[in-house]
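K.L.:
Coordinates in my_file-v1.txt, compact mmCIF, C-alpha atoms and all ligand atoms, are listed below.
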```
# COMPACT_ATOMS: atom_id res chain seq x y z
CA MET P 1 0.00 0.00 0.00
CA PRO P 2 1.62 3.32 -1.04
CA VAL P 3 1.56 6.05 1.63
CA PRO P 4 1.77 9.66 0.35
CA LEU P 5 4.05 12.22 2.03
CA PHE P 6 1.03 14.38 2.87
CA ASP P 7 -2.65 14.60 2.01
CA THR P 8 -4.09 18.10 1.86
CA ALA P 9 -7.34 17.18 0.09
CA SER P 10 -8.91 14.47 2.30
CA PRO P 11 -9.25 16.47 5.57
CA VAL P 12 -11.09 19.34 3.82
CA ALA P 13 -13.24 17.17 1.51
CA PRO P 14 -16.12 16.80 4.04
CA LEU P 15 -16.27 20.63 4.30
CA ARG P 16 -16.92 21.19 0.59
CA ALA P 17 -20.50 22.44 0.97
CA GLU P 18 -19.48 24.95 3.68
CA VAL P 19 -16.55 26.16 1.56
CA ASP P 20 -18.86 26.56 -1.46
CA ALA P 21 -21.26 28.62 0.66
CA ALA P 22 -18.44 30.82 1.96
CA VAL P 23 -17.15 31.47 -1.56
CA ALA P 24 -20.69 32.25 -2.78
CA ARG P 25 -21.14 34.70 0.12
CA VAL P 26 -18.04 36.63 -1.01
CA LEU P 27 -19.07 36.63 -4.67
CA ASP P 28 -22.58 37.81 -3.77
CA ARG P 29 -21.14 40.65 -1.69
CA GLY P 30 -18.63 41.68 -4.35
CA VAL P 31 -15.99 42.85 -1.84
CA TYR P 32 -12.69 41.09 -2.44
CA ILE P 33 -9.95 42.98 -0.57
CA LEU P 34 -9.97 44.04 3.11
CA GLY P 35 -13.64 43.51 3.84
CA PRO P 36 -15.79 41.82 6.48
CA GLU P 37 -14.39 38.29 5.96
CA VAL P 38 -10.82 39.39 6.69
CA GLU P 39 -11.98 41.38 9.71
CA ALA P 40 -13.97 38.43 11.04
CA PHE P 41 -11.14 35.95 10.43
CA GLU P 42 -8.67 38.27 12.17
CA ARG P 43 -10.99 38.37 15.22
CA GLU P 44 -11.66 34.63 15.19
CA PHE P 45 -8.00 33.65 14.77
CA ALA P 46 -6.95 36.08 17.52
CA ALA P 47 -9.51 34.47 19.85
CA TYR P 48 -8.26 31.00 18.88
CA LEU P 49 -4.63 31.94 19.56
CA GLY P 50 -5.44 33.86 22.74
CA VAL P 51 -3.86 37.09 21.46
CA GLU P 52 -5.27 40.62 21.16
CA HIS P 53 -4.60 41.28 17.47
CA VAL P 54 -4.25 39.42 14.19
CA VAL P 55 -3.40 41.19 10.92
CA GLY P 56 -3.99 39.25 7.71
CA VAL P 57 -1.30 39.55 5.02
CA ALA P 58 -0.59 37.99 1.63
CA ASN P 59 1.72 35.16 2.75
CA GLY P 60 3.99 33.93 5.54
CA THR P 61 7.11 35.50 4.02
CA ASP P 62 5.66 39.02 3.94
CA ALA P 63 4.38 38.40 7.46
CA ILE P 64 7.97 38.08 8.74
CA THR P 65 9.24 41.16 6.87
CA ILE P 66 6.30 43.26 8.07
CA ALA P 67 6.56 41.97 11.66
CA LEU P 68 10.25 42.92 11.74
CA GLN P 69 9.57 46.37 10.29
CA ALA P 70 6.73 46.88 12.78
CA LEU P 71 9.34 46.25 15.49
CA GLY P 72 11.48 48.98 13.96
CA VAL P 73 14.11 46.65 12.49
CA GLY P 74 16.03 48.37 9.70
CA PRO P 75 19.45 49.07 8.16
CA GLY P 76 22.35 48.53 10.56
CA ASP P 77 20.42 45.99 12.67
CA GLU P 78 21.06 42.27 12.96
CA VAL P 79 18.35 39.61 13.12
CA VAL P 80 19.24 36.13 14.38
CA VAL P 81 17.64 33.27 12.44
CA PRO P 82 18.27 29.51 12.36
CA ALA P 83 20.04 28.09 9.30
CA PHE P 84 17.95 24.91 9.52
CA THR P 85 14.52 26.13 8.34
CA PHE P 86 12.69 27.05 5.14
CA TYR P 87 14.48 29.70 3.07
CA ALA P 88 11.74 32.30 3.65
CA SER P 89 12.55 32.60 7.37
CA ALA P 90 15.82 34.32 6.38
CA GLU P 91 14.83 35.68 2.95
CA ALA P 92 12.32 37.94 4.73
CA ILE P 93 15.09 39.77 6.64
CA PRO P 94 17.14 41.67 3.96
CA PRO P 95 14.07 43.53 2.62
CA THR P 96 14.00 45.33 6.00
CA GLY P 97 17.58 46.50 5.42
CA ALA P 98 18.83 44.38 8.35
CA THR P 99 21.44 41.63 8.27
CA PRO P 100 20.48 37.98 8.89
CA VAL P 101 22.81 36.28 11.39
CA PHE P 102 22.58 32.50 11.25
CA CYS P 103 22.49 30.34 14.37
CA ASP P 104 22.47 26.62 15.07
CA VAL P 105 19.65 24.44 16.39
CA ASP P 106 19.10 21.65 18.91
CA PRO P 107 19.87 18.19 17.48
CA GLU P 108 16.76 16.54 18.97
CA THR P 109 14.02 19.17 18.59
CA MET P 110 15.66 20.71 15.50
CA CYS P 111 14.54 24.14 16.82
CA VAL P 112 16.58 27.11 18.00
CA THR P 113 17.23 27.31 21.75
CA ALA P 114 18.30 30.09 24.10
CA GLU P 115 21.87 28.71 23.91
CA THR P 116 22.05 28.63 20.10
CA VAL P 117 20.56 32.12 19.87
CA ARG P 118 22.84 33.50 22.60
CA ALA P 119 25.89 32.39 20.61
CA ALA P 120 24.79 34.65 17.73
CA LEU P 121 23.91 37.80 19.71
CA THR P 122 25.91 41.00 19.26
CA PRO P 123 25.27 44.58 20.38
CA ARG P 124 23.57 45.11 16.99
CA THR P 125 21.02 42.30 17.43
CA ARG P 126 17.58 43.87 17.15
CA ALA P 127 15.36 40.76 16.91
CA VAL P 128 15.30 36.96 16.67
CA VAL P 129 13.23 34.99 14.18
CA ALA P 130 12.55 31.79 16.14
CA VAL P 131 11.02 29.07 13.98
CA ASP P 132 8.54 26.50 15.35
CA LEU P 133 10.09 23.95 13.02
CA PHE P 134 7.98 21.11 11.62
CA GLY P 135 5.14 22.13 13.98
CA ASN P 136 7.22 21.82 17.16
CA PRO P 137 7.24 25.10 19.12
CA ALA P 138 10.68 26.58 19.80
CA PRO P 139 11.32 27.42 23.50
CA ILE P 140 10.30 31.04 22.91
CA PRO P 141 9.95 32.14 26.57
CA GLU P 142 13.58 31.11 27.22
CA ILE P 143 14.72 32.91 24.07
CA ALA P 144 12.69 36.01 24.98
CA ALA P 145 14.40 35.99 28.39
CA LEU P 146 17.64 36.90 26.57
CA GLY P 147 16.08 40.37 26.27
CA VAL P 148 15.69 40.59 22.50
CA PRO P 149 12.27 40.82 20.79
CA VAL P 150 11.23 37.50 19.27
CA VAL P 151 9.31 37.09 16.03
CA GLU P 152 7.88 33.58 16.29
CA ASP P 153 7.79 32.06 12.80
CA ALA P 154 4.79 29.80 13.38
CA ALA P 155 4.23 29.10 9.65
CA GLN P 156 4.45 25.36 10.27
CA ALA P 157 2.91 25.27 13.74
CA ALA P 158 -0.77 26.30 13.64
CA GLY P 159 -2.53 24.20 16.27
CA ALA P 160 0.56 23.51 18.43
CA ARG P 161 0.90 24.52 22.08
CA LEU P 162 3.70 25.28 24.51
CA GLY P 163 2.55 25.08 28.11
CA THR P 164 -0.74 26.94 28.30
CA ARG P 165 -0.12 29.13 25.23
CA MET P 166 -0.77 28.41 21.57
CA ALA P 167 2.06 28.52 19.07
CA GLY P 168 1.63 31.99 17.62
CA ALA P 169 1.06 33.52 21.05
CA LEU P 170 4.60 33.05 22.32
CA GLY P 171 6.71 35.84 20.80
CA THR P 172 6.53 39.64 20.71
CA LEU P 173 4.87 38.98 17.36
CA ALA P 174 4.20 35.74 15.53
CA THR P 175 3.78 35.02 11.85
CA PHE P 176 1.72 32.42 9.99
CA SER P 177 1.54 31.04 6.47
CA PHE P 178 -1.75 29.67 5.14
CA PHE P 179 -0.08 28.06 2.11
CA PRO P 180 -2.31 25.10 1.14
CA SER P 181 -0.06 22.37 2.59
CA LYS P 182 0.18 24.07 6.01
CA ASN P 183 -1.72 22.85 9.10
CA LEU P 184 -4.25 25.63 8.46
CA GLY P 185 -4.03 26.06 4.70
CA CYS P 186 -6.22 28.18 2.47
CA PHE P 187 -6.77 27.60 -1.26
CA GLY P 188 -4.03 29.95 -2.44
CA ASP P 189 -1.52 32.16 -0.64
CA GLY P 190 -2.25 33.77 2.71
CA GLY P 191 -0.56 34.78 5.94
CA ALA P 192 -1.04 36.58 9.22
CA ILE P 193 0.75 38.40 12.03
CA ALA P 194 -0.36 37.92 15.64
CA THR P 195 0.54 40.11 18.61
CA ASP P 196 -0.77 41.37 21.93
CA ASP P 197 0.77 44.81 21.36
CA PRO P 198 -1.67 47.35 19.86
CA ALA P 199 1.11 49.62 18.54
CA LEU P 200 2.79 46.72 16.71
CA ALA P 201 -0.55 45.59 15.27
CA ASP P 202 -1.24 49.13 14.10
CA ALA P 203 2.19 49.37 12.46
CA ALA P 204 1.61 46.02 10.71
CA ARG P 205 -1.79 47.21 9.40
CA VAL P 206 -0.21 50.36 7.95
CA LEU P 207 2.72 48.43 6.47
CA ARG P 208 0.49 45.84 4.72
CA PHE P 209 -1.36 48.68 2.96
CA HIS P 210 1.33 50.78 1.23
CA GLY P 211 2.25 52.49 4.50
CA SER P 212 -1.11 54.24 4.54
CA ARG P 213 -4.23 54.41 6.69
CA ASP P 214 -6.51 56.06 4.15
CA LYS P 215 -4.98 55.56 0.64
CA ALA P 216 -4.58 59.34 0.48
CA SER P 217 -1.60 60.06 2.72
CA TYR P 218 1.40 57.73 3.02
CA GLU P 219 3.41 57.65 6.27
CA ARG P 220 6.05 55.16 5.21
CA ILE P 221 7.20 52.89 2.40
CA GLY P 222 5.12 49.78 2.94
CA TRP P 223 3.92 46.77 1.01
CA ASN P 224 0.87 45.67 -0.91
CA SER P 225 0.32 42.53 1.16
CA ARG P 226 -3.24 41.61 2.04
CA LEU P 227 -5.06 38.40 2.86
CA ASP P 228 -7.98 38.42 0.40
CA GLU P 229 -11.67 38.01 1.22
CA LEU P 230 -12.05 34.64 -0.52
CA GLN P 231 -9.15 33.11 1.41
CA ALA P 232 -10.36 34.63 4.69
CA ALA P 233 -13.88 33.24 4.13
CA ILE P 234 -12.41 29.78 3.47
CA LEU P 235 -10.12 30.02 6.52
CA ARG P 236 -13.19 30.81 8.66
CA VAL P 237 -14.67 27.46 7.59
CA LEU P 238 -11.44 25.58 8.31
CA LEU P 239 -10.36 27.20 11.61
CA PRO P 240 -12.88 25.35 13.84
CA HIS P 241 -11.33 22.07 12.61
CA LEU P 242 -7.71 23.00 13.31
CA ASP P 243 -7.60 21.53 16.83
CA GLY P 244 -9.01 18.22 15.56
CA TRP P 245 -6.48 18.10 12.74
CA ALA P 246 -3.61 18.91 15.13
CA ALA P 247 -4.81 16.09 17.42
CA GLY P 248 -4.84 13.81 14.35
CA ARG P 249 -1.23 14.75 13.63
CA ARG P 250 -0.23 13.94 17.22
CA ALA P 251 -2.12 10.63 16.98
CA ALA P 252 -0.22 9.84 13.77
CA ALA P 253 3.08 10.49 15.61
CA ALA P 254 1.91 8.11 18.37
CA HIS P 255 1.04 5.46 15.73
CA TYR P 256 4.61 5.69 14.44
CA ALA P 257 5.98 5.21 17.97
CA ASP P 258 3.60 2.27 18.58
CA ALA P 259 4.66 0.74 15.26
CA GLY P 260 8.24 0.57 16.60
CA LEU P 261 9.65 3.21 14.26
CA GLY P 262 11.78 4.60 17.09
CA GLU P 263 13.88 1.42 17.04
CA LEU P 264 14.76 2.03 13.39
CA VAL P 265 15.27 5.80 13.10
CA ALA P 266 15.55 8.72 15.53
CA LEU P 267 12.08 10.19 16.04
CA PRO P 268 11.67 13.98 16.41
CA ALA P 269 11.65 15.18 20.03
CA ALA P 270 9.02 17.63 21.26
CA THR P 271 10.30 20.77 22.98
CA ALA P 272 9.88 20.44 26.78
CA GLY P 273 6.28 21.31 27.66
CA ALA P 274 5.12 21.32 24.03
CA GLU P 275 2.24 19.64 22.25
CA PRO P 276 3.51 19.83 18.67
CA ALA P 277 1.17 19.89 15.68
CA TRP P 278 3.47 17.88 13.44
CA HIS P 279 3.32 19.71 10.11
CA LEU P 280 6.03 17.40 8.82
CA PHE P 281 7.23 14.27 10.58
CA VAL P 282 10.99 14.43 10.24
CA VAL P 283 13.10 11.51 11.41
CA ARG P 284 16.86 11.20 11.47
CA HIS P 285 19.04 8.40 10.12
CA ALA P 286 22.79 8.23 9.48
CA ARG P 287 22.16 7.19 5.88
CA ALA P 288 19.08 9.28 5.18
CA ALA P 289 19.62 9.56 1.41
CA GLN P 290 19.93 5.78 1.02
CA LEU P 291 16.88 5.23 3.22
CA ALA P 292 14.92 7.79 1.18
CA ALA P 293 15.70 5.94 -2.05
CA ALA P 294 14.61 2.60 -0.57
CA LEU P 295 11.37 4.04 0.82
CA ALA P 296 10.51 5.79 -2.44
CA GLU P 297 11.03 2.45 -4.20
CA ALA P 298 8.55 0.91 -1.75
CA GLY P 299 5.90 3.57 -2.51
CA ILE P 300 6.41 5.59 0.68
CA GLY P 301 6.40 9.38 0.21
CA VAL P 302 9.64 10.85 1.58
CA ARG P 303 11.56 14.09 1.19
CA SER P 304 14.53 15.82 2.74
CA TYR P 305 13.51 19.47 2.91
CA TYR P 306 16.61 21.36 3.98
CA ASP P 307 19.55 19.35 2.66
CA VAL P 308 21.25 22.61 1.66
CA PRO P 309 20.90 24.67 4.85
CA LEU P 310 20.50 28.43 4.65
CA HIS P 311 24.11 29.35 5.41
CA ARG P 312 25.08 27.33 2.32
CA GLN P 313 22.50 28.89 -0.06
CA ALA P 314 24.03 31.05 -2.81
CA ALA P 315 21.63 33.97 -2.38
CA LEU P 316 22.42 34.31 1.31
CA ALA P 317 26.21 34.13 0.90
CA PRO P 318 26.67 37.92 1.37
CA TRP P 319 25.52 37.49 5.00
CA VAL P 320 27.57 34.40 5.87
CA PRO P 321 30.95 35.00 7.55
CA ALA P 322 33.73 32.77 6.21
CA ASP P 323 34.34 31.22 9.63
CA LEU P 324 30.69 30.43 10.45
CA ALA P 325 30.39 26.91 11.88
CA LEU P 326 26.93 25.41 12.45
CA PRO P 327 27.73 21.73 13.06
CA ILE P 328 24.28 20.58 14.19
CA THR P 329 22.62 22.24 11.20
CA ASP P 330 25.08 20.55 8.84
CA GLU P 331 24.51 17.19 10.53
CA LEU P 332 20.70 17.54 10.36
CA ALA P 333 20.90 18.64 6.72
CA ARG P 334 22.57 15.29 5.97
CA THR P 335 20.48 13.05 8.23
CA HIS P 336 16.89 14.37 8.23
CA LEU P 337 14.07 12.80 6.30
CA ALA P 338 10.36 13.69 6.24
CA ILE P 339 8.09 10.65 6.15
CA PRO P 340 4.30 10.65 5.61
CA MET P 341 2.21 12.83 7.95
CA SER P 342 -1.39 13.96 7.84
CA PRO P 343 -4.26 14.43 10.31
CA LEU P 344 -5.74 11.20 8.95
CA LEU P 345 -2.64 8.97 8.98
CA ASP P 346 -3.77 5.81 10.79
CA ARG P 347 -2.08 2.85 12.45
CA ALA P 348 -2.22 0.76 9.27
CA ALA P 349 -0.33 3.45 7.33
CA ALA P 350 2.19 3.84 10.18
CA ASP P 351 2.73 0.04 10.17
CA GLU P 352 3.25 0.17 6.40
CA VAL P 353 5.89 2.89 6.73
CA ALA P 354 7.62 1.13 9.65
CA ALA P 355 7.66 -2.15 7.70
CA ALA P 356 9.21 -0.41 4.70
CA VAL P 357 11.89 1.17 6.92
CA ARG P 358 12.55 -2.23 8.52
CA ALA P 359 12.85 -3.89 5.11
CA ALA P 360 15.09 -1.17 3.61
CA PRO P 361 18.56 -2.56 2.79
CA VAL P 362 20.28 0.27 4.67
CA PRO P 363 22.47 -0.28 7.71
CA ARG P 364 21.60 2.03 10.58
C1 LIG E 1 9.10 28.11 8.45
C2 LIG E 1 8.47 28.88 7.33
N1 LIG E 1 8.56 30.23 7.34
C3 LIG E 1 8.00 30.96 6.36
C4 LIG E 1 7.29 30.38 5.34
C5 LIG E 1 6.77 31.27 4.25
O1 LIG E 1 5.40 31.18 4.05
P1 LIG E 1 4.77 31.53 2.62
O2 LIG E 1 5.08 30.39 1.71
O3 LIG E 1 3.30 31.65 2.91
O4 LIG E 1 5.35 32.80 2.16
C6 LIG E 1 7.16 28.98 5.30
C7 LIG E 1 6.38 28.26 4.29
O5 LIG E 1 6.34 28.31 3.16
C8 LIG E 1 7.77 28.22 6.32
O6 LIG E 1 7.71 26.88 6.30
```
Mind turning the file's structure into structure tokens?
P.N.:
Amino acid sequence: MPVPLFDTASPVAPLRAEVDAAVARVLDRGVYILGPEVEAFEREFAAYLGVEHVVGVANGTDAITIALQALGVGPGDEVVVPAFTFYASAEAIPPTGATPVFCDVDPETMCVTAETVRAALTPRTRAVVAVDLFGNPAPIPEIAALGVPVVEDAAQAAGARLGTRMAGALGTLATFSFFPSKNLGCFGDGGAIATDDPALADAARVLRFHGSRDKASYERIGWNSRLDELQAAILRVLLPHLDGWAAGRRAAAAHYADAGLGELVALPAATAGAEPAWHLFVVRHARAAQLAAALAEAGIGVRSYYDVPLHRQAALAPWVPADLALPITDELARTHLAIPMSPLLDRAAADEVAAAVRAAPVPR
């Protein structure tokens, strides 16, 4: 039985009639940009996260740039960011004029920690982009205790928790992507910024709309970066199901453990106190590339996402000092492998994957 890497269609299929009605509501109203659906989604998502303000934007990359600019980050500043993450976490920094400074991650959780961030701090550090990688919240309170504002990149972590707080309610600001494959994915591009701080929310609102409040006077150079009404209406249908889907992802992780996968590969470790919402289920193996080839042959969806980490990407070379050493990142780049994950992945599928790993002709 083949097992796909992820399945974005099945969880939303039962909601088709509600999605159709939401789309029809928007078409009937004829308001497509910054209207009542975006306002309602911003309120509903803020309530879900337990934060005061949510600002919808066009995607999760813009969300980071705008969050940093709302904080006042600009030319001459440094922003610490892990090198083991999706490219956009760092790509979003240079448009502010600031310099990305790459840090290492923890080998078990694969997230940044207070120690790895501390090693990258300088007197010019103005913010940290802490990524809740693969749906596992980074230890944001410990990082925030270093005294630098934290932008929590929660693009992969909608539905996760750390202690009593939701992922997305942990930093000075947090950012989300609603790209279709995400835990809360719309049917196109979308993103959001979450914060408790009214001044930061206000700055983000101005920045997403050309630096203007009224489209007549312009206070700063901003962006054209809005969540649209159709996507917001669809997200309002999906949001009430996010907790159930996140629970399904945790159940899938438990199925893998019960299937004995932990004896064959290193399973991802949750951050202390966290309930991850496994966006991707990323295991580690000394011969990950060989294992990937064997699993693909057996019909199991696999992918290594970050095999060229950010400090080794050509476009980011101008910001990488010649002597930068990030040994854990380099090790993870070589050894990580995403295996199938979805809210609906059941014990039979987990057994299938574990059996394929067991049968793979790859020494551990
Ligand atoms: C960790 C992380 N940050 C940022 C982004 C950027 O989001 P988007 O694709 O919506 O711009 C993504 C996803 O694509 C991501 O995985």
K.L.:
Compare P:Pro361, P:Gly190, P:Pro309, P:Gly262 by their minimum atom-to-atom distance to ligand LIG 1 (chain E), counting all atoms listed in the file, and give me the closest one.
P.N.:
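Closest residue, counting all atoms listed in the file: P:Gly190.
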K.L.:
Within 7 Å of ligand LIG 1 (chain E), which residues show up when you count all atoms listed in the file? List them as a ChimeraX atom specification, please.
P.N.:
/P:59-62,85-86,88-89,131,133,153-156,177-179,189-191
K.L.:
Within 12 Å of region 311-315 of chain P, counting only C-alpha atoms, which residues qualify if same-chain residues fewer than 6 places away don't, as a list in words?
P.N.:
Val81, Pro82, Ala83, Phe84, Thr85, Phe86, Tyr87, Ala88, Ala90, Glu91, Pro94, Pro100, Val101, Phe102, Cys103, Asp104, Pro321, Ala322, Asp323, Leu324, Ala325, Leu326, Pro327, Thr329, Asp330 and Ala333 of chain P
K.L.:
From the list P:Pro123, P:Thr109, P:Phe281, P:Ile234, which residue is nearest Asp20 (chain P) when using only C-alpha atoms?
P.N.:
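Result for the nearest residue to Asp20 (chain P): P:Ile234.
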K.L.:
Report as an mmCIF file with C-alpha atoms, in the frame of the given file all protein, DNA and RNA residues lying within 12 Å of Glu115 (chain P), evaluated on all atoms listed in the file, omitting residues in the same chain fewer than 5 positions from it.
P.N.:
```
data_model
loop_
_atom_site.group_PDB
_atom_site.id
_atom_site.type_symbol
_atom_site.label_atom_id
_atom_site.label_comp_id
_atom_site.auth_asym_id
_atom_site.auth_seq_id
_atom_site.Cartn_x
_atom_site.Cartn_y
_atom_site.Cartn_z
ATOM 1 C CA CYS P 103 22.490 30.340 14.370
ATOM 2 C CA ASP P 104 22.470 26.620 15.070
ATOM 3 C CA VAL P 105 19.650 24.440 16.390
ATOM 4 C CA ASP P 106 19.100 21.650 18.910
ATOM 5 C CA ALA P 120 24.790 34.650 17.730
ATOM 6 C CA LEU P 121 23.910 37.800 19.710
ATOM 7 C CA PRO P 139 11.320 27.420 23.500
ATOM 8 C CA ILE P 140 10.300 31.040 22.910
ATOM 9 C CA GLU P 142 13.580 31.110 27.220
ATOM 10 C CA ILE P 143 14.720 32.910 24.070
ATOM 11 C CA ALA P 144 12.690 36.010 24.980
ATOM 12 C CA ALA P 145 14.400 35.990 28.390
ATOM 13 C CA LEU P 146 17.640 36.900 26.570
#
```
K.L.:
For region 284-292 of chain P, list every protein, DNA or RNA residue within 6 Å, evaluated using all atoms listed in the file, and leave out those in the same chain fewer than 3 positions away; present the list as a ChimeraX atom specification.
P.N.:
/P:265-266,295,335-336
K.L.:
Leaving out Val282 (chain P) and any residue of its chain fewer than 6 positions from it, which residues lie within 10 Å of it when counting all atoms listed in the file, given as a VMD selection string?
P.N.:
chain P and resid 110 133 to 134 266 to 269 302 to 305 335 to 341
K.L.:
Which residue, P:Pro141, P:Pro2, P:Glu229, P:Val353, has the smallest gap to Ala24 (chain P) when you use all atoms listed in the file?
P.N.:
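Nearest to Ala24 (chain P): P:Glu229.
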K.L.:
Taking 2 positions as the minimum chain separation for residues in the same chain, which residues sit within 8 Å of Pro4 (chain P) when counting all atoms listed in the file? Answer as a PyMOL selection string.
P.N.:
chain P and resi 2+6-7+299-301+340
K.L.:
Pick the closest to Gly76 (chain P) from P:Ala40, P:Ser181, P:Ala167, P:Arg124: which is it, counting only C-alpha atoms?
P.N.:
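That would be P:Arg124, the residue with the smallest distance to Gly76 (chain P).
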K.L.:
Between CA of Asp346 (chain P) and CA of Asp243 (chain P), what is the distance, to one decimal in Å?
P.N.:
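Spanning CA of Asp346 (chain P) to CA of Asp243 (chain P) is a straight-line distance of 17.3 Å.
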K.L.:
Choose the residue, out of P:Leu230, P:Val112, P:Leu207, P:Val12, that has the smallest atom-to-atom separation from Arg25 (chain P); count all atoms listed in the file.
P.N.:
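Ranking P:Leu230, P:Val112, P:Leu207, P:Val12 by distance to Arg25 (chain P), first place goes to P:Leu230.
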K.L.:
Suppose you want the space between CA of Thr172 (chain P) and CA of Gly185 (chain P); what is it in Å?
P.N.:
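CA of Gly185 (chain P) lies 23.5 Å from CA of Thr172 (chain P).
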K.L.:
Pick out the closest residue to Cys111 (chain P) from this set: P:Ala169, P:Ile328, P:Ile64, P:Ala194. Count only C-alpha atoms.
P.N.:
P:Ile328
K.L.:
Take the point (-12.8, 26.9, 10.2) as written in the file and pick out every residue within 12 Å of it, counting all atoms listed in the file; give the list as a PyMOL selection string.
P.N.:
chain P and resi 11-12+15-16+18-19+22+40-41+44-45+48+183-186+231-245
K.L.:
State, in Å with one decimal place, the distance from CA of Pro36 (chain P) to CA of Gly56 (chain P).
P.N.:
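Result for CA of Pro36 (chain P) versus CA of Gly56 (chain P): 12.1 Å, one decimal.
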